[in-house]
$ cat protein.json   # JSON, C-alpha atoms
[["chain", "number", "residue", "atom", "x", "y", "z"],
["A", 842, "MET", "CA", 16.06, -7.58, 23.69],
["A", 843, "LYS", "CA", 13.50, -5.83, 21.57],
["A", 844, "VAL", "CA", 14.60, -2.49, 20.17],
["A", 845, "ASP", "CA", 11.88, 0.13, 19.88],
["A", 846, "SER", "CA", 12.15, 3.46, 18.11],
["A", 847, "SER", "CA", 12.24, 6.52, 20.33],
["A", 848, "VAL", "CA", 9.24, 7.90, 18.43],
["A", 849, "THR", "CA", 6.98, 4.94, 19.17],
["A", 850, "LEU", "CA", 4.13, 6.24, 21.29],
["A", 851, "ASP", "CA", 0.91, 4.88, 22.73],
["A", 852, "ARG", "CA", -0.90, 7.86, 21.20],
["A", 853, "PRO", "CA", 0.06, 9.58, 17.94],
["A", 854, "THR", "CA", 0.84, 12.93, 19.57],
["A", 855, "VAL", "CA", 2.79, 15.58, 17.65],
["A", 856, "LEU", "CA", 6.12, 16.06, 19.41],
["A", 857, "SER", "CA", 8.64, 18.89, 19.49],
["A", 858, "ARG", "CA", 8.97, 20.65, 16.15],
["A", 859, "TYR", "CA", 12.68, 21.22, 15.90],
["A", 860, "PRO", "CA", 14.00, 17.64, 16.14],
["A", 861, "GLY", "CA", 11.50, 16.72, 13.43],
["A", 862, "LEU", "CA", 12.83, 19.47, 11.18],
["A", 863, "TRP", "CA", 16.42, 18.33, 11.53],
["A", 864, "TRP", "CA", 15.57, 14.68, 10.90],
["A", 865, "GLY", "CA", 13.47, 15.70, 7.92],
["A", 866, "LEU", "CA", 16.37, 17.69, 6.48],
["A", 867, "LEU", "CA", 18.67, 14.69, 6.80],
["A", 868, "GLY", "CA", 16.16, 12.58, 4.89],
["A", 869, "VAL", "CA", 15.82, 15.21, 2.15],
["A", 870, "VAL", "CA", 19.59, 15.36, 1.69],
["A", 871, "ALA", "CA", 19.58, 11.59, 1.18],
["A", 872, "PHE", "CA", 16.67, 11.80, -1.28],
["A", 873, "SER", "CA", 18.21, 14.70, -3.23],
["A", 874, "PHE", "CA", 20.60, 12.27, -4.92],
["A", 875, "THR", "CA", 17.77, 9.99, -6.06],
["A", 876, "LEU", "CA", 16.93, 11.61, -9.42],
["A", 877, "PRO", "CA", 20.55, 12.01, -10.64],
["A", 878, "PHE", "CA", 21.44, 8.46, -9.60],
["A", 879, "THR", "CA", 18.24, 7.10, -11.15],
["A", 880, "ARG", "CA", 19.17, 8.90, -14.36],
["A", 881, "ILE", "CA", 22.65, 7.34, -14.27],
["A", 882, "ALA", "CA", 21.39, 3.85, -13.47],
["A", 883, "ALA", "CA", 18.69, 3.97, -16.16],
["A", 884, "THR", "CA", 21.24, 4.73, -18.88],
["A", 885, "GLY", "CA", 22.58, 1.19, -18.64],
["A", 886, "LEU", "CA", 20.00, -0.86, -16.73],
["A", 887, "PRO", "CA", 16.34, -1.54, -17.66],
["A", 888, "ALA", "CA", 14.03, 1.06, -16.13],
["A", 889, "LEU", "CA", 11.80, -1.57, -14.52],
["A", 890, "PHE", "CA", 14.86, -3.25, -13.02],
["A", 891, "VAL", "CA", 16.07, 0.05, -11.54],
["A", 892, "GLY", "CA", 12.65, 0.75, -10.05],
["A", 893, "SER", "CA", 11.94, -2.72, -8.68],
["A", 894, "ALA", "CA", 15.26, -4.41, -7.88],
["A", 895, "ARG", "CA", 16.32, -1.61, -5.58],
["A", 896, "ALA", "CA", 13.24, -2.33, -3.47],
["A", 897, "VAL", "CA", 14.15, -6.03, -3.36],
["A", 898, "VAL", "CA", 17.64, -5.25, -2.05],
["A", 899, "ALA", "CA", 16.19, -2.84, 0.51],
["A", 900, "ALA", "CA", 13.59, -5.44, 1.54],
["A", 901, "VAL", "CA", 16.35, -7.93, 2.34],
["A", 902, "LEU", "CA", 18.06, -5.34, 4.55],
["A", 903, "ALA", "CA", 14.73, -4.47, 6.17],
["A", 904, "ALA", "CA", 13.87, -8.12, 6.88],
["A", 905, "CYS", "CA", 17.26, -8.64, 8.52],
["A", 906, "ALA", "CA", 16.85, -5.53, 10.69],
["A", 907, "LEU", "CA", 13.35, -6.53, 11.77],
["A", 908, "ALA", "CA", 14.40, -10.08, 12.58],
["A", 909, "LEU", "CA", 17.56, -9.14, 14.47],
["A", 910, "THR", "CA", 15.71, -6.62, 16.65],
["A", 911, "ARG", "CA", 12.67, -8.92, 17.07],
["A", 912, "GLN", "CA", 10.09, -6.32, 16.12],
["A", 913, "ARG", "CA", 6.47, -7.17, 16.77],
["A", 914, "LEU", "CA", 4.21, -7.71, 13.78],
["A", 915, "PRO", "CA", 1.88, -4.86, 12.76],
["A", 916, "ARG", "CA", -1.72, -5.46, 13.76],
["A", 917, "GLY", "CA", -5.08, -5.17, 12.06],
["A", 918, "ALA", "CA", -5.55, -1.98, 10.06],
["A", 919, "GLN", "CA", -1.86, -1.22, 10.30],
["A", 920, "TRP", "CA", -1.28, -3.69, 7.47],
["A", 921, "LEU", "CA", -3.68, -1.77, 5.22],
["A", 922, "ARG", "CA", -1.93, 1.48, 6.07],
["A", 923, "LEU", "CA", 1.42, -0.14, 5.33],
["A", 924, "ALA", "CA", 0.01, -1.13, 1.95],
["A", 925, "VAL", "CA", -0.62, 2.57, 1.23],
["A", 926, "VAL", "CA", 2.99, 3.36, 2.17],
["A", 927, "ALA", "CA", 4.31, 0.50, 0.07],
["A", 928, "ALA", "CA", 2.19, 1.44, -2.95],
["A", 929, "GLY", "CA", 3.39, 5.03, -2.76],
["A", 930, "VAL", "CA", 7.08, 4.98, -1.90],
["A", 931, "VAL", "CA", 8.19, 1.39, -2.58],
["A", 932, "VAL", "CA", 6.32, 0.70, -5.83],
["A", 933, "GLY", "CA", 4.87, 3.90, -7.29],
["A", 934, "PHE", "CA", 7.55, 6.57, -6.98],
["A", 935, "PRO", "CA", 10.62, 4.42, -7.86],
["A", 936, "VAL", "CA", 9.06, 2.68, -10.87],
["A", 937, "LEU", "CA", 7.37, 5.78, -12.30],
["A", 938, "THR", "CA", 10.43, 8.01, -11.98],
["A", 939, "SER", "CA", 12.70, 5.30, -13.41],
["A", 940, "TYR", "CA", 10.64, 5.16, -16.59],
["A", 941, "ALA", "CA", 10.33, 8.96, -16.80],
["A", 942, "LEU", "CA", 14.07, 9.48, -16.42],
["A", 943, "THR", "CA", 14.83, 7.30, -19.43],
["A", 944, "THR", "CA", 13.65, 10.19, -21.64],
["A", 945, "VAL", "CA", 13.94, 13.39, -19.55],
["A", 946, "PRO", "CA", 16.92, 14.82, -17.64],
["A", 947, "ALA", "CA", 17.01, 15.14, -13.88],
["A", 948, "SER", "CA", 16.45, 18.91, -14.14],
["A", 949, "HIS", "CA", 13.17, 18.35, -15.99],
["A", 950, "ALA", "CA", 12.04, 15.82, -13.39],
["A", 951, "ALA", "CA", 12.85, 18.31, -10.64],
["A", 952, "VAL", "CA", 10.19, 20.64, -12.08],
["A", 953, "VAL", "CA", 7.40, 18.22, -11.21],
["A", 954, "ILE", "CA", 8.99, 16.74, -8.10],
["A", 955, "GLY", "CA", 9.12, 20.30, -6.76],
["A", 956, "LEU", "CA", 5.35, 19.97, -6.26],
["A", 957, "LEU", "CA", 5.78, 17.09, -3.81],
["A", 958, "PRO", "CA", 5.98, 19.14, -0.57],
["A", 959, "ALA", "CA", 2.71, 20.93, -1.33],
["A", 960, "ALA", "CA", 0.99, 17.63, -2.18],
["A", 961, "THR", "CA", 2.32, 16.04, 1.01],
["A", 962, "ALA", "CA", 1.15, 19.01, 3.09],
["A", 963, "VAL", "CA", -2.39, 18.77, 1.70],
["A", 964, "LEU", "CA", -2.61, 15.05, 2.43],
["A", 965, "ALA", "CA", -1.03, 15.56, 5.87],
["A", 966, "VAL", "CA", -3.71, 18.09, 6.75],
["A", 967, "LEU", "CA", -6.51, 15.82, 5.49],
["A", 968, "ARG", "CA", -5.14, 12.63, 7.02],
["A", 969, "GLY", "CA", -3.33, 13.93, 10.10],
["A", 970, "LYS", "CA", -5.99, 16.46, 11.19],
["A", 971, "GLU", "CA", -3.51, 19.32, 11.30],
["A", 972, "ARG", "CA", -4.72, 22.87, 10.76],
["A", 973, "PRO", "CA", -1.84, 25.07, 9.61],
["A", 974, "ALA", "CA", -2.06, 28.82, 9.98],
["A", 975, "ARG", "CA", -2.99, 30.83, 6.90],
["A", 976, "SER", "CA", 0.60, 32.05, 6.63],
["A", 977, "PHE", "CA", 1.69, 28.42, 6.27],
["A", 978, "TRP", "CA", -0.40, 28.02, 3.11],
["A", 979, "VAL", "CA", 0.86, 31.33, 1.73],
["A", 980, "PHE", "CA", 4.52, 30.42, 2.21],
["A", 981, "SER", "CA", 3.96, 26.83, 1.09],
["A", 982, "ALA", "CA", 2.25, 27.94, -2.12],
["A", 983, "LEU", "CA", 4.95, 30.53, -2.75],
["A", 984, "GLY", "CA", 7.61, 27.92, -2.08],
["A", 985, "ALA", "CA", 6.05, 25.47, -4.50],
["A", 986, "VAL", "CA", 5.90, 28.17, -7.18],
["A", 987, "CYS", "CA", 9.53, 29.08, -6.54],
["A", 988, "ALA", "CA", 10.60, 25.44, -6.65],
["A", 989, "VAL", "CA", 8.88, 24.86, -9.99],
["A", 990, "ALA", "CA", 10.14, 28.15, -11.44],
["A", 991, "PHE", "CA", 13.66, 27.45, -10.22],
["A", 992, "ALA", "CA", 13.76, 24.00, -11.78],
["A", 993, "SER", "CA", 12.18, 25.30, -15.00],
["A", 994, "VAL", "CA", 14.94, 27.88, -15.41],
["A", 995, "GLN", "CA", 17.46, 25.05, -15.32],
["A", 996, "GLY", "CA", 16.11, 23.62, -18.57],
["A", 997, "GLY", "CA", 13.22, 21.45, -17.48],
["A", 998, "GLY", "CA", 10.33, 23.65, -18.60],
["A", 999, "MET", "CA", 6.66, 22.79, -18.54],
["A", 1000, "GLY", "CA", 5.69, 24.11, -21.98],
["A", 1001, "THR", "CA", 4.67, 20.82, -23.56],
["A", 1002, "LEU", "CA", 3.61, 17.89, -21.41],
["A", 1003, "HIS", "CA", 4.23, 14.36, -22.63],
["A", 1004, "TRP", "CA", 4.03, 10.87, -21.20],
["A", 1005, "ALA", "CA", 7.10, 11.32, -18.98],
["A", 1006, "ASP", "CA", 5.46, 14.31, -17.28],
["A", 1007, "ALA", "CA", 2.32, 12.25, -16.64],
["A", 1008, "LEU", "CA", 4.49, 9.61, -14.98],
["A", 1009, "LEU", "CA", 6.18, 12.25, -12.83],
["A", 1010, "PHE", "CA", 2.87, 13.77, -11.74],
["A", 1011, "ALA", "CA", 1.66, 10.28, -10.81],
["A", 1012, "ALA", "CA", 4.91, 9.73, -8.89],
["A", 1013, "VAL", "CA", 4.30, 12.93, -6.90],
["A", 1014, "LEU", "CA", 0.81, 11.80, -5.88],
["A", 1015, "ALA", "CA", 2.07, 8.32, -4.98],
["A", 1016, "ALA", "CA", 4.94, 9.64, -2.87],
["A", 1017, "ALA", "CA", 2.76, 12.24, -1.12],
["A", 1018, "ALA", "CA", 0.29, 9.56, -0.06],
["A", 1019, "GLY", "CA", 3.10, 7.32, 1.15],
["A", 1020, "TYR", "CA", 4.80, 10.13, 3.05],
["A", 1021, "ALA", "CA", 1.64, 11.30, 4.78],
["A", 1022, "GLU", "CA", 0.46, 7.84, 5.82],
["A", 1023, "GLY", "CA", 3.97, 6.72, 6.70],
["A", 1024, "GLY", "CA", 4.53, 9.74, 8.91],
["A", 1025, "LEU", "CA", 1.40, 8.93, 10.92],
["A", 1026, "LEU", "CA", 2.16, 5.23, 11.09],
["A", 1027, "ALA", "CA", 5.72, 5.92, 12.24],
["A", 1028, "ARG", "CA", 4.27, 7.32, 15.47],
["A", 1029, "GLU", "CA", 2.85, 3.88, 16.22],
["A", 1030, "LEU", "CA", 5.40, 1.46, 14.75],
["A", 1031, "GLY", "CA", 8.53, 3.59, 14.79],
["A", 1032, "SER", "CA", 10.25, 5.37, 11.91],
["A", 1033, "TRP", "CA", 12.57, 2.71, 10.52],
["A", 1034, "GLN", "CA", 10.10, -0.04, 11.38],
["A", 1035, "THR", "CA", 7.44, 1.57, 9.17],
["A", 1036, "VAL", "CA", 9.54, 1.67, 6.02],
["A", 1037, "SER", "CA", 10.96, -1.79, 6.79],
["A", 1038, "TRP", "CA", 7.52, -3.39, 7.04],
["A", 1039, "ALA", "CA", 6.42, -1.58, 3.89],
["A", 1040, "LEU", "CA", 9.42, -2.96, 2.02],
["A", 1041, "VAL", "CA", 8.78, -6.48, 3.26],
["A", 1042, "LEU", "CA", 5.09, -6.23, 2.34],
["A", 1043, "ALA", "CA", 5.92, -5.16, -1.22],
["A", 1044, "ALA", "CA", 8.78, -7.66, -1.65],
["A", 1045, "PRO", "CA", 6.83, -10.42, -3.48],
["A", 1046, "LEU", "CA", 5.52, -8.00, -6.11],
["A", 1047, "MET", "CA", 8.86, -6.25, -6.55],
["A", 1048, "THR", "CA", 10.68, -9.57, -6.83],
["A", 1049, "ALA", "CA", 8.31, -10.67, -9.61],
["A", 1050, "LEU", "CA", 8.83, -7.35, -11.43],
["A", 1051, "THR", "CA", 12.60, -7.68, -11.05],
["A", 1052, "ILE", "CA", 12.63, -11.16, -12.55],
["A", 1053, "SER", "CA", 10.45, -10.04, -15.45],
["A", 1054, "SER", "CA", 12.79, -7.11, -16.18],
["A", 1055, "LEU", "CA", 16.00, -9.13, -16.50],
["A", 1056, "ASP", "CA", 17.71, -8.93, -19.89],
["A", 1057, "ASP", "CA", 21.20, -8.56, -21.38],
["A", 1058, "ARG", "CA", 21.52, -4.96, -20.20],
["A", 1059, "VAL", "CA", 21.80, -6.17, -16.60],
["A", 1060, "LEU", "CA", 25.02, -8.03, -17.49],
["A", 1061, "GLN", "CA", 26.37, -5.25, -19.72],
["A", 1062, "ALA", "CA", 25.90, -2.33, -17.31],
["A", 1063, "GLY", "CA", 29.07, -0.60, -16.18],
["A", 1064, "PRO", "CA", 30.38, 0.26, -12.69],
["A", 1065, "ALA", "CA", 28.78, 3.73, -12.71],
["A", 1066, "GLN", "CA", 25.32, 2.26, -13.26],
["A", 1067, "TRP", "CA", 25.80, -0.32, -10.52],
["A", 1068, "TRP", "CA", 27.17, 2.20, -8.00],
["A", 1069, "ALA", "CA", 24.19, 4.44, -8.69],
["A", 1070, "PHE", "CA", 21.86, 1.47, -8.27],
["A", 1071, "ALA", "CA", 23.54, 0.57, -4.97],
["A", 1072, "TYR", "CA", 22.87, 4.06, -3.61],
["A", 1073, "LEU", "CA", 19.23, 3.88, -4.69],
["A", 1074, "ALA", "CA", 18.79, 0.49, -3.00],
["A", 1075, "VAL", "CA", 20.59, 1.16, 0.29],
["A", 1076, "VAL", "CA", 20.05, 4.89, 0.88],
["A", 1077, "SER", "CA", 17.12, 6.13, -1.23],
["A", 1078, "MET", "CA", 14.96, 3.09, -0.51],
["A", 1079, "PHE", "CA", 16.07, 2.27, 3.02],
["A", 1080, "LEU", "CA", 18.31, 4.48, 5.17],
["A", 1081, "GLY", "CA", 16.92, 7.78, 3.90],
["A", 1082, "PHE", "CA", 13.45, 6.82, 5.09],
["A", 1083, "PHE", "CA", 14.75, 6.23, 8.61],
["A", 1084, "ALA", "CA", 15.42, 9.96, 8.94],
["A", 1085, "TRP", "CA", 12.47, 11.14, 6.83],
["A", 1086, "TYR", "CA", 9.74, 9.18, 8.61],
["A", 1087, "ARG", "CA", 11.26, 10.02, 11.98],
["A", 1088, "GLY", "CA", 11.03, 13.68, 11.07],
["A", 1089, "LEU", "CA", 7.42, 13.34, 9.91],
["A", 1090, "ALA", "CA", 6.55, 11.38, 13.06],
["A", 1091, "LEU", "CA", 8.03, 14.09, 15.30],
["A", 1092, "GLY", "CA", 6.14, 16.65, 13.22],
["A", 1093, "PRO", "CA", 4.23, 18.80, 12.73],
["A", 1094, "MET", "CA", 3.94, 16.82, 9.54],
["A", 1095, "ALA", "CA", 2.76, 19.69, 7.34],
["A", 1096, "GLN", "CA", 5.75, 21.85, 8.30],
["A", 1097, "VAL", "CA", 8.34, 19.08, 8.10],
["A", 1098, "SER", "CA", 7.09, 18.19, 4.63],
["A", 1099, "GLN", "CA", 7.99, 21.69, 3.42],
["A", 1100, "ILE", "CA", 11.70, 21.05, 4.01],
["A", 1101, "GLN", "CA", 11.49, 19.07, 0.80],
["A", 1102, "LEU", "CA", 11.16, 22.39, -1.04],
["A", 1103, "THR", "CA", 14.96, 22.51, -0.82],
["A", 1104, "GLN", "CA", 15.31, 19.21, -2.67],
["A", 1105, "PRO", "CA", 15.24, 20.72, -6.20],
["A", 1106, "VAL", "CA", 18.12, 22.99, -5.18],
["A", 1107, "MET", "CA", 20.22, 20.08, -3.98],
["A", 1108, "THR", "CA", 19.19, 17.90, -6.92],
["A", 1109, "ILE", "CA", 20.38, 20.49, -9.43],
["A", 1110, "LEU", "CA", 23.66, 20.79, -7.52],
["A", 1111, "TRP", "CA", 24.27, 17.04, -7.60],
["A", 1112, "ALA", "CA", 23.22, 16.95, -11.26],
["A", 1113, "ALA", "CA", 25.87, 19.59, -11.97],
["A", 1114, "LEU", "CA", 28.53, 17.52, -10.22],
["A", 1115, "LEU", "CA", 27.47, 14.10, -11.47],
["A", 1116, "LEU", "CA", 25.89, 14.81, -14.86],
["A", 1117, "GLY", "CA", 27.91, 17.78, -16.05],
["A", 1118, "GLU", "CA", 25.33, 20.56, -15.78],
["A", 1119, "HIS", "CA", 26.66, 24.05, -15.01],
["A", 1120, "PRO", "CA", 24.41, 26.16, -12.76],
["A", 1121, "GLY", "CA", 24.88, 29.94, -12.83],
["A", 1122, "VAL", "CA", 23.62, 33.02, -11.01],
["A", 1123, "PRO", "CA", 19.91, 32.12, -11.58],
["A", 1124, "THR", "CA", 20.57, 28.85, -9.74],
["A", 1125, "LEU", "CA", 21.96, 30.67, -6.71],
["A", 1126, "LEU", "CA", 19.12, 33.19, -6.66],
["A", 1127, "GLY", "CA", 16.49, 30.50, -7.14],
["A", 1128, "GLY", "CA", 18.05, 28.39, -4.43],
["A", 1129, "VAL", "CA", 17.95, 31.25, -1.95],
["A", 1130, "ALA", "CA", 14.28, 31.91, -2.77],
["A", 1131, "VAL", "CA", 13.28, 28.26, -2.35],
["A", 1132, "ILE", "CA", 15.14, 27.83, 0.93],
["A", 1133, "LEU", "CA", 13.74, 31.11, 2.30],
["A", 1134, "CYS", "CA", 10.16, 30.05, 1.53],
["A", 1135, "ALA", "CA", 10.78, 26.67, 3.15],
["A", 1136, "ALA", "CA", 12.21, 28.33, 6.27],
["A", 1137, "LEU", "CA", 9.22, 30.66, 6.57],
["A", 1138, "ALA", "CA", 6.78, 27.78, 6.06],
["A", 1139, "VAL", "CA", 8.31, 25.51, 8.69],
["A", 1140, "ARG", "CA", 8.35, 28.30, 11.27],
["A", 1141, "THR", "CA", 4.58, 28.76, 11.17],
["A", 1142, "ARG", "CA", 2.56, 27.01, 13.84],
["A", 1143, "THR", "CA", -0.23, 24.50, 13.51],
["A", 1144, "THR", "CA", -3.43, 24.24, 15.51],
["A", 1145, "PRO", "CA", -4.73, 20.67, 15.98],
["A", 1146, "VAL", "CA", -8.28, 20.17, 14.79],
["A", 1147, "SER", "CA", -10.55, 19.73, 17.81],
["A", 1148, "SER", "CA", -12.81, 16.71, 17.64],
["A", 1149, "SER", "CA", -15.58, 18.80, 19.16],
["A", 1150, "LYS", "CA", -15.60, 21.33, 16.34],
["A", 1151, "GLY", "CA", -16.98, 20.96, 12.94],
["A", 1152, "LEU", "CA", -15.11, 21.65, 9.71]]
$ encode --input "protein.json" --output "C-alpha cells"
Amino acid sequence: MKVDSSVTLDRPTVLSRYPGLWWGLLGVVAFSFTLPFTRIAATGLPALFVGSARAVVAAVLAACALALTRQRLPRGAQWLRLAVVAAGVVVGFPVLTSYALTTVPASHAAVVIGLLPAATAVLAVLRGKERPARSFWVFSALGAVCAVAFASVQGGGMGTLHWADALLFAAVLAAAAGYAEGGLLARELGSWQTVSWALVLAAPLMTALTISSLDDRVLQAGPAQWWAFAYLAVVSMFLGFFAWYRGLALGPMAQVSQIQLTQPVMTILWAALLLGEHPGVPTLLGGVAVILCAALAVRTRTTPVSSSKGL
C-alpha cells in the first residue's frame, strides 16, 4: 500500500498555523545540535567528509524509505525544484558549515546562522506569494538583530570578517533557498518525501565527494567524532527535515521560519554542555529576547497575495 504524507494536497493551500508551528519547533530542536556536532566531527574527520558523507548515509535511508512505501516519482518541474532543495540543504549548507567550523567555534557560527530565519522569510514571501503584516517584518527584523547580538555576546563577534564568515553567509543563503522551495514542494510531494527525493538526487555528487575526501583521518577518528557524525547523518540530514518541512508545508511559511530564531539559544546551550562553554546571565537575557521576538513574529497573520492585484 502506498503511504502518502498527511500534508500532500492537490493544491498548495496554506493550512492551519498552529500544527505548522509545533512541527517547525521540533525540526529546529533537531537542527540546534548541528553546529556543535559538526564542530566535534570536524576535529577528527576531514571537513569535506563530514559535509558529504553524512548526506550519503541519509540518502541510503531515504532510498529505503521511498522504496518500502512505494512513493511515486516526482514529475516534470518538480525535479528542478528538488535540485534547488538538494543544492541548498544537502550540498551547500553541510559542506560550507563543515569547512567554516574547522576554524571558528560554534558560537561564532551561530552569529551568522542567526540570520537564516530572516533570509528564509524573504524568500518565502517572494516564492510562496505570502504577504506578512507590517508587524511581522518589525518583529522578524528585531528578532534577527537580537539573535545576532545574542550570539555575538557569546564570543562570536562580527568585528573582522574572514573566509569562514564568507562560507557561513553562503551557507545561510543556500539553506534559505532550500527551506523556502522545500516548504512549497512538501505541499505537493509530502514533507519526508521531499527531503528524501532531494537526498537521492544529490547522492551521486555526494558519493563522489565522499570518496575524494577519504584519508587517514577517517581511520584515526575517535568514538566522539563518529557519534557526532552519526547524529548529523541520521537526524540533521534526514529525520529533522521530516518535522521541519512538514511545519513549513502547514505554514504560513514566513511565520514558521521565524521559529528558527530560537536556534542560536539552543545551539549555545548544547555548546555549553558538549563543548565546555559556560553561559551566564547575558545568555539567559538574550535567550528570552530572541524567543519573545520569535513568538511575536509567529503570531502575526499573513494575507495571501491576490492574483488579481498588482505588486
$ closest_residue --input "protein.json" --among "A:Cys987, A:Ala950, A:Ala1039, A:Leu956" --to "Leu923 in chain A" --atoms "all atoms listed in the file"
A:Ala1039
$ closest_residue --input "protein.json" --among "A:Trp1067, A:Trp1033, A:Trp1085, A:Phe980" --to "Ala1130 in chain A" --atoms "all atoms listed in the file"
A:Phe980
$ atom_distance --input "protein.json" --atom1 "CA of Arg916 in chain A" --atom2 "CA of Thr1035 in chain A"
12.4 Å
$ closest_residue --input "protein.json" --among "A:Ser939, A:Thr1141, A:Ser1032, A:Ser948" --to "Leu1008 in chain A" --atoms "only C-alpha atoms"
A:Ser939
$ closest_residue --input "protein.json" --among "A:Thr879, A:Ser1098, A:Ser1077, A:Thr1051" --to "Leu942 in chain A" --atoms "all atoms listed in the file"
A:Thr879
$ closest_residue --input "protein.json" --among "A:Val1036, A:Leu937, A:Leu1026, A:Ala1016" --to "Gly1081 in chain A" --atoms "all atoms listed in the file"
A:Val1036
$ closest_residue --input "protein.json" --among "A:Ile881, A:Leu862, A:Val932, A:Leu1073" --to "Met1094 in chain A" --atoms "only C-alpha atoms"
A:Leu862
$ atom_distance --input "protein.json" --atom1 "CA of Arg880 in chain A" --atom2 "CA of Pro946 in chain A"
7.1 Å
$ atom_distance --input "protein.json" --atom1 "CA of Ala990 in chain A" --atom2 "CA of Val1076 in chain A"
28.1 Å
$ residues_around --input "protein.json" --residues "Ala1062 in chain A" --least-positions-apart "6" --cutoff "12 Å" --atoms "only C-alpha atoms" --output "list in words"
Ile881, Ala882, Ala883, Thr884, Gly885, Leu886, Pro887, Phe890, Val891, Asp1056, Trp1068, Ala1069 and Phe1070 of chain A
$ residues_around --input "protein.json" --residues "Pro915 in chain A" --least-positions-apart "2" --cutoff "12 Å" --atoms "only C-alpha atoms" --output "list in words"
Leu907, Gln912, Arg913, Gly917, Ala918, Gln919, Trp920, Leu921, Arg922, Leu923, Ala924, Leu1026, Ala1027, Glu1029, Leu1030, Gly1031, Gln1034, Thr1035, Ser1037, Trp1038, Ala1039, Val1041 and Leu1042 of chain A
